[in-house]
Amino acid sequence: MRDSTVVVASDYFHSYAVVGLLAAVGVLFVAVAFGAGRLLRPVVPTPEKLLTYECGVDPVGEGWAHTQVRYYVYAFLYVIFAVDSIFLFPWATVFAAPGYGATTLVEMFLFLGFLAVGLLYAYKKGVLAWT
């Protein structure tokens, strides 16, 4: 009995050794790539190169700018509902399989209920009001 546990433990740690070796090779590859880039690139600092550059426009004035948060909230809500709608496609394929009808239907209505509660919360908070 003891020999079988040693063999199983050896196989267990061998699989982790492969993962560790692969991680070490990956880190080494990245380090070599960065080191080669640092050694091979030309380094000629000029005042123009040291100037802050942003979108092809010379920076003028303060670096602080006021932005409207509502645009980000709309984008965030769109991403949430777009990603959540992706879950409807696998559900439709499982729902079509025999024997899963009632269970998947209840699960999907729970999922859509959570989405509806989130949308209702955003509406009640006035997030969806475009002013």
# chains A, B, ... in the order shown; residues from 1 in each chain; ligands from 1

$ residues_around --residues "A:Val73" --least-positions-apart "2" --cutoff "12 Å" --atoms "only C-alpha atoms" --output "compact mmCIF listing (two decimals) with N, CA, C and O atoms, in the first residue's frame"
# COMPACT_ATOMS: atom_id res chain seq x y z
N THR A 67 -13.81 65.30 -16.85
CA THR A 67 -14.52 64.42 -17.77
C THR A 67 -15.89 64.10 -17.18
O THR A 67 -16.07 64.13 -15.96
N GLN A 68 -16.82 63.82 -18.06
CA GLN A 68 -18.15 63.45 -17.62
C GLN A 68 -18.18 61.95 -17.30
O GLN A 68 -17.87 61.13 -18.15
N VAL A 69 -18.56 61.63 -16.11
CA VAL A 69 -18.58 60.24 -15.67
C VAL A 69 -19.70 59.47 -16.35
O VAL A 69 -19.60 58.27 -16.57
N ARG A 70 -20.76 60.15 -16.76
CA ARG A 70 -21.91 59.43 -17.31
C ARG A 70 -21.57 58.67 -18.57
O ARG A 70 -22.17 57.64 -18.85
N TYR A 71 -20.61 59.14 -19.35
CA TYR A 71 -20.22 58.40 -20.55
C TYR A 71 -19.60 57.06 -20.18
O TYR A 71 -19.84 56.04 -20.82
N ALA A 75 -20.98 53.23 -20.98
CA ALA A 75 -20.09 52.22 -21.57
C ALA A 75 -20.01 51.00 -20.67
O ALA A 75 -20.05 49.86 -21.15
N PHE A 76 -19.92 51.21 -19.37
CA PHE A 76 -19.85 50.10 -18.42
C PHE A 76 -21.13 49.27 -18.45
O PHE A 76 -21.08 48.05 -18.47
N LEU A 77 -22.27 49.95 -18.46
CA LEU A 77 -23.54 49.22 -18.54
C LEU A 77 -23.66 48.45 -19.85
O LEU A 77 -24.15 47.33 -19.88
N TYR A 78 -23.20 49.05 -20.93
CA TYR A 78 -23.25 48.35 -22.22
C TYR A 78 -22.40 47.09 -22.18
O TYR A 78 -22.82 46.03 -22.62
N VAL A 79 -21.19 47.20 -21.63
CA VAL A 79 -20.31 46.03 -21.57
C VAL A 79 -20.93 44.95 -20.70
O VAL A 79 -20.91 43.76 -21.05
N ILE A 80 -21.52 45.33 -19.58
CA ILE A 80 -22.15 44.35 -18.70
C ILE A 80 -23.25 43.61 -19.44
O ILE A 80 -23.30 42.37 -19.44
N ALA A 122 -30.07 50.86 -11.69
CA ALA A 122 -29.42 51.96 -12.42
C ALA A 122 -30.45 53.01 -12.82
O ALA A 122 -30.16 54.21 -12.76
N TYR A 123 -31.64 52.60 -13.18
CA TYR A 123 -32.70 53.55 -13.55
C TYR A 123 -33.13 54.37 -12.35
O TYR A 123 -33.30 55.59 -12.44
N LYS A 125 -31.42 55.08 -9.68
CA LYS A 125 -30.35 55.99 -9.27
C LYS A 125 -30.20 57.16 -10.24
O LYS A 125 -29.43 58.08 -9.97
N GLY A 126 -30.89 57.12 -11.37
CA GLY A 126 -30.81 58.21 -12.34
C GLY A 126 -29.60 58.13 -13.25
O GLY A 126 -29.24 59.10 -13.91
N VAL A 127 -28.98 56.97 -13.30
CA VAL A 127 -27.80 56.79 -14.13
C VAL A 127 -28.15 56.85 -15.60
O VAL A 127 -27.38 57.34 -16.43
N LEU A 128 -29.33 56.40 -15.95
CA LEU A 128 -29.73 56.31 -17.35
C LEU A 128 -30.31 57.61 -17.89
O LEU A 128 -30.66 57.67 -19.05
N ALA A 129 -30.40 58.64 -17.06
CA ALA A 129 -30.94 59.93 -17.50
C ALA A 129 -29.84 60.69 -18.23
O ALA A 129 -28.82 61.04 -17.65
N TRP A 130 -30.05 60.93 -19.50
CA TRP A 130 -29.06 61.64 -20.32
C TRP A 130 -29.37 63.13 -20.24
O TRP A 130 -30.40 63.59 -20.71

$ select_by_dssp --residues "chain A" --states "helix (DSSP H, G or I)" --output "MDAnalysis selection string"
chainID A and resid 2:40 47:50 69:86 88:96 101:124

$ residues_around --residues "A:Glu107" --least-positions-apart "3" --cutoff "12 Å" --atoms "only C-alpha atoms" --output "list in words"
Phe87, Leu88, Trp91, Ala92, Val94, Phe95, Tyr100, Gly101, Ala102, Thr103, Thr104, Leu110, Phe111, Leu112, Gly113 and Phe114 of chain A

$ write_last_selection --atoms "N, CA, C and O atoms" --output "PDB file, in the first residue's frame"
ATOM      1  N   PHE A  87     -24.130  34.917 -22.681  1.00  0.00           N
ATOM      2  CA  PHE A  87     -24.508  33.704 -21.959  1.00  0.00           C
ATOM      3  C   PHE A  87     -25.840  33.138 -22.440  1.00  0.00           C
ATOM      4  O   PHE A  87     -26.187  32.013 -22.109  1.00  0.00           O
ATOM      5  N   LEU A  88     -26.594  33.902 -23.203  1.00  0.00           N
ATOM      6  CA  LEU A  88     -27.874  33.393 -23.704  1.00  0.00           C
ATOM      7  C   LEU A  88     -27.682  32.344 -24.799  1.00  0.00           C
ATOM      8  O   LEU A  88     -28.524  31.460 -24.960  1.00  0.00           O
ATOM      9  N   TRP A  91     -26.975  28.869 -23.361  1.00  0.00           N
ATOM     10  CA  TRP A  91     -28.203  28.449 -22.708  1.00  0.00           C
ATOM     11  C   TRP A  91     -29.189  27.921 -23.731  1.00  0.00           C
ATOM     12  O   TRP A  91     -29.866  26.913 -23.495  1.00  0.00           O
ATOM     13  N   ALA A  92     -29.279  28.576 -24.874  1.00  0.00           N
ATOM     14  CA  ALA A  92     -30.222  28.138 -25.898  1.00  0.00           C
ATOM     15  C   ALA A  92     -29.857  26.751 -26.423  1.00  0.00           C
ATOM     16  O   ALA A  92     -30.743  25.940 -26.697  1.00  0.00           O
ATOM     17  N   VAL A  94     -28.250  24.368 -24.676  1.00  0.00           N
ATOM     18  CA  VAL A  94     -28.534  23.407 -23.619  1.00  0.00           C
ATOM     19  C   VAL A  94     -30.035  23.232 -23.467  1.00  0.00           C
ATOM     20  O   VAL A  94     -30.529  22.128 -23.236  1.00  0.00           O
ATOM     21  N   PHE A  95     -30.781  24.307 -23.630  1.00  0.00           N
ATOM     22  CA  PHE A  95     -32.236  24.249 -23.494  1.00  0.00           C
ATOM     23  C   PHE A  95     -32.836  23.346 -24.559  1.00  0.00           C
ATOM     24  O   PHE A  95     -33.832  22.676 -24.323  1.00  0.00           O
ATOM     25  N   TYR A 100     -33.251  18.774 -20.211  1.00  0.00           N
ATOM     26  CA  TYR A 100     -32.775  19.954 -19.493  1.00  0.00           C
ATOM     27  C   TYR A 100     -33.764  21.115 -19.544  1.00  0.00           C
ATOM     28  O   TYR A 100     -33.452  22.198 -19.096  1.00  0.00           O
ATOM     29  N   GLY A 101     -34.910  20.930 -20.101  1.00  0.00           N
ATOM     30  CA  GLY A 101     -35.848  22.026 -20.361  1.00  0.00           C
ATOM     31  C   GLY A 101     -36.226  22.851 -19.157  1.00  0.00           C
ATOM     32  O   GLY A 101     -35.969  24.044 -19.095  1.00  0.00           O
ATOM     33  N   ALA A 102     -36.847  22.251 -18.153  1.00  0.00           N
ATOM     34  CA  ALA A 102     -37.383  23.010 -17.023  1.00  0.00           C
ATOM     35  C   ALA A 102     -36.277  23.612 -16.173  1.00  0.00           C
ATOM     36  O   ALA A 102     -36.367  24.772 -15.749  1.00  0.00           O
ATOM     37  N   THR A 103     -35.212  22.859 -15.934  1.00  0.00           N
ATOM     38  CA  THR A 103     -34.126  23.353 -15.081  1.00  0.00           C
ATOM     39  C   THR A 103     -33.440  24.560 -15.715  1.00  0.00           C
ATOM     40  O   THR A 103     -33.237  25.579 -15.051  1.00  0.00           O
ATOM     41  N   THR A 104     -33.102  24.449 -16.975  1.00  0.00           N
ATOM     42  CA  THR A 104     -32.412  25.570 -17.619  1.00  0.00           C
ATOM     43  C   THR A 104     -33.331  26.761 -17.804  1.00  0.00           C
ATOM     44  O   THR A 104     -32.875  27.902 -17.781  1.00  0.00           O
ATOM     45  N   LEU A 110     -33.881  33.230 -13.630  1.00  0.00           N
ATOM     46  CA  LEU A 110     -33.160  33.807 -12.489  1.00  0.00           C
ATOM     47  C   LEU A 110     -32.058  34.752 -12.966  1.00  0.00           C
ATOM     48  O   LEU A 110     -31.881  35.851 -12.426  1.00  0.00           O
ATOM     49  N   PHE A 111     -31.319  34.320 -13.958  1.00  0.00           N
ATOM     50  CA  PHE A 111     -30.247  35.142 -14.519  1.00  0.00           C
ATOM     51  C   PHE A 111     -30.803  36.442 -15.090  1.00  0.00           C
ATOM     52  O   PHE A 111     -30.288  37.538 -14.810  1.00  0.00           O
ATOM     53  N   LEU A 112     -31.858  36.347 -15.887  1.00  0.00           N
ATOM     54  CA  LEU A 112     -32.469  37.552 -16.456  1.00  0.00           C
ATOM     55  C   LEU A 112     -33.097  38.423 -15.372  1.00  0.00           C
ATOM     56  O   LEU A 112     -33.126  39.651 -15.493  1.00  0.00           O
ATOM     57  N   GLY A 113     -33.562  37.792 -14.290  1.00  0.00           N
ATOM     58  CA  GLY A 113     -34.089  38.566 -13.163  1.00  0.00           C
ATOM     59  C   GLY A 113     -33.004  39.396 -12.499  1.00  0.00           C
ATOM     60  O   GLY A 113     -33.228  40.568 -12.156  1.00  0.00           O
ATOM     61  N   PHE A 114     -31.818  38.804 -12.324  1.00  0.00           N
ATOM     62  CA  PHE A 114     -30.705  39.577 -11.763  1.00  0.00           C
ATOM     63  C   PHE A 114     -30.335  40.745 -12.668  1.00  0.00           C
ATOM     64  O   PHE A 114     -30.051  41.849 -12.201  1.00  0.00           O
TER      65      PHE A 114
END

$ decode --residues "stretch 21-33 of chain A" --atoms "all heavy atoms" --output "PDB file, in the first residue's frame"
ATOM      1  N   LEU A  21       8.641  24.250 -14.751  1.00  0.00           N
ATOM      2  CA  LEU A  21       9.664  24.389 -15.779  1.00  0.00           C
ATOM      3  C   LEU A  21       9.168  25.271 -16.927  1.00  0.00           C
ATOM      4  O   LEU A  21       9.903  26.134 -17.414  1.00  0.00           O
ATOM      5  CB  LEU A  21      10.064  23.008 -16.304  1.00  0.00           C
ATOM      6  CG  LEU A  21      11.148  22.992 -17.378  1.00  0.00           C
ATOM      7  CD1 LEU A  21      12.458  23.506 -16.802  1.00  0.00           C
ATOM      8  CD2 LEU A  21      11.312  21.589 -17.935  1.00  0.00           C
ATOM      9  N   LEU A  22       7.928  25.091 -17.320  1.00  0.00           N
ATOM     10  CA  LEU A  22       7.365  25.921 -18.381  1.00  0.00           C
ATOM     11  C   LEU A  22       7.282  27.393 -17.955  1.00  0.00           C
ATOM     12  O   LEU A  22       7.588  28.296 -18.737  1.00  0.00           O
ATOM     13  CB  LEU A  22       5.976  25.407 -18.768  1.00  0.00           C
ATOM     14  CG  LEU A  22       5.317  26.085 -19.948  1.00  0.00           C
ATOM     15  CD1 LEU A  22       6.135  25.883 -21.219  1.00  0.00           C
ATOM     16  CD2 LEU A  22       3.914  25.557 -20.149  1.00  0.00           C
ATOM     17  N   ALA A  23       6.916  27.647 -16.709  1.00  0.00           N
ATOM     18  CA  ALA A  23       6.872  29.021 -16.200  1.00  0.00           C
ATOM     19  C   ALA A  23       8.273  29.635 -16.174  1.00  0.00           C
ATOM     20  O   ALA A  23       8.463  30.801 -16.541  1.00  0.00           O
ATOM     21  CB  ALA A  23       6.249  29.041 -14.810  1.00  0.00           C
ATOM     22  N   ALA A  24       9.275  28.847 -15.750  1.00  0.00           N
ATOM     23  CA  ALA A  24      10.652  29.350 -15.722  1.00  0.00           C
ATOM     24  C   ALA A  24      11.157  29.659 -17.125  1.00  0.00           C
ATOM     25  O   ALA A  24      11.822  30.683 -17.343  1.00  0.00           O
ATOM     26  CB  ALA A  24      11.565  28.327 -15.040  1.00  0.00           C
ATOM     27  N   VAL A  25      10.841  28.807 -18.093  1.00  0.00           N
ATOM     28  CA  VAL A  25      11.242  29.071 -19.481  1.00  0.00           C
ATOM     29  C   VAL A  25      10.557  30.324 -20.005  1.00  0.00           C
ATOM     30  O   VAL A  25      11.165  31.148 -20.692  1.00  0.00           O
ATOM     31  CB  VAL A  25      10.939  27.843 -20.372  1.00  0.00           C
ATOM     32  CG1 VAL A  25      11.061  28.179 -21.841  1.00  0.00           C
ATOM     33  CG2 VAL A  25      11.861  26.696 -20.021  1.00  0.00           C
ATOM     34  N   GLY A  26       9.291  30.514 -19.653  1.00  0.00           N
ATOM     35  CA  GLY A  26       8.577  31.719 -20.075  1.00  0.00           C
ATOM     36  C   GLY A  26       9.186  32.982 -19.499  1.00  0.00           C
ATOM     37  O   GLY A  26       9.378  33.977 -20.206  1.00  0.00           O
ATOM     38  N   VAL A  27       9.512  32.966 -18.196  1.00  0.00           N
ATOM     39  CA  VAL A  27      10.140  34.133 -17.564  1.00  0.00           C
ATOM     40  C   VAL A  27      11.509  34.388 -18.175  1.00  0.00           C
ATOM     41  O   VAL A  27      11.882  35.544 -18.440  1.00  0.00           O
ATOM     42  CB  VAL A  27      10.227  33.924 -16.035  1.00  0.00           C
ATOM     43  CG1 VAL A  27      11.116  34.961 -15.384  1.00  0.00           C
ATOM     44  CG2 VAL A  27       8.840  33.948 -15.423  1.00  0.00           C
ATOM     45  N   LEU A  28      12.262  33.342 -18.421  1.00  0.00           N
ATOM     46  CA  LEU A  28      13.576  33.484 -19.044  1.00  0.00           C
ATOM     47  C   LEU A  28      13.464  34.070 -20.453  1.00  0.00           C
ATOM     48  O   LEU A  28      14.247  34.943 -20.829  1.00  0.00           O
ATOM     49  CB  LEU A  28      14.289  32.127 -19.082  1.00  0.00           C
ATOM     50  CG  LEU A  28      15.708  32.138 -19.660  1.00  0.00           C
ATOM     51  CD1 LEU A  28      16.629  32.914 -18.724  1.00  0.00           C
ATOM     52  CD2 LEU A  28      16.200  30.727 -19.861  1.00  0.00           C
ATOM     53  N   PHE A  29      12.479  33.617 -21.208  1.00  0.00           N
ATOM     54  CA  PHE A  29      12.267  34.136 -22.559  1.00  0.00           C
ATOM     55  C   PHE A  29      11.962  35.633 -22.538  1.00  0.00           C
ATOM     56  O   PHE A  29      12.524  36.411 -23.314  1.00  0.00           O
ATOM     57  CB  PHE A  29      11.123  33.378 -23.229  1.00  0.00           C
ATOM     58  CG  PHE A  29      10.840  33.828 -24.627  1.00  0.00           C
ATOM     59  CD1 PHE A  29      11.678  33.484 -25.671  1.00  0.00           C
ATOM     60  CD2 PHE A  29       9.720  34.603 -24.905  1.00  0.00           C
ATOM     61  CE1 PHE A  29      11.419  33.902 -26.960  1.00  0.00           C
ATOM     62  CE2 PHE A  29       9.452  35.027 -26.185  1.00  0.00           C
ATOM     63  CZ  PHE A  29      10.307  34.674 -27.220  1.00  0.00           C
ATOM     64  N   VAL A  30      11.108  36.057 -21.635  1.00  0.00           N
ATOM     65  CA  VAL A  30      10.765  37.485 -21.530  1.00  0.00           C
ATOM     66  C   VAL A  30      11.988  38.286 -21.081  1.00  0.00           C
ATOM     67  O   VAL A  30      12.259  39.373 -21.616  1.00  0.00           O
ATOM     68  CB  VAL A  30       9.581  37.678 -20.565  1.00  0.00           C
ATOM     69  CG1 VAL A  30       9.357  39.146 -20.250  1.00  0.00           C
ATOM     70  CG2 VAL A  30       8.314  37.073 -21.155  1.00  0.00           C
ATOM     71  N   ALA A  31      12.747  37.780 -20.123  1.00  0.00           N
ATOM     72  CA  ALA A  31      13.932  38.487 -19.646  1.00  0.00           C
ATOM     73  C   ALA A  31      14.974  38.633 -20.753  1.00  0.00           C
ATOM     74  O   ALA A  31      15.579  39.704 -20.915  1.00  0.00           O
ATOM     75  CB  ALA A  31      14.539  37.747 -18.451  1.00  0.00           C
ATOM     76  N   VAL A  32      15.182  37.574 -21.539  1.00  0.00           N
ATOM     77  CA  VAL A  32      16.130  37.651 -22.655  1.00  0.00           C
ATOM     78  C   VAL A  32      15.647  38.646 -23.701  1.00  0.00           C
ATOM     79  O   VAL A  32      16.432  39.441 -24.240  1.00  0.00           O
ATOM     80  CB  VAL A  32      16.357  36.253 -23.268  1.00  0.00           C
ATOM     81  CG1 VAL A  32      17.079  36.335 -24.595  1.00  0.00           C
ATOM     82  CG2 VAL A  32      17.142  35.383 -22.302  1.00  0.00           C
ATOM     83  N   ALA A  33      14.357  38.656 -23.997  1.00  0.00           N
ATOM     84  CA  ALA A  33      13.823  39.589 -24.992  1.00  0.00           C
ATOM     85  C   ALA A  33      13.996  41.040 -24.541  1.00  0.00           C
ATOM     86  O   ALA A  33      14.425  41.899 -25.325  1.00  0.00           O
ATOM     87  CB  ALA A  33      12.351  39.287 -25.264  1.00  0.00           C
TER      88      ALA A  33
END
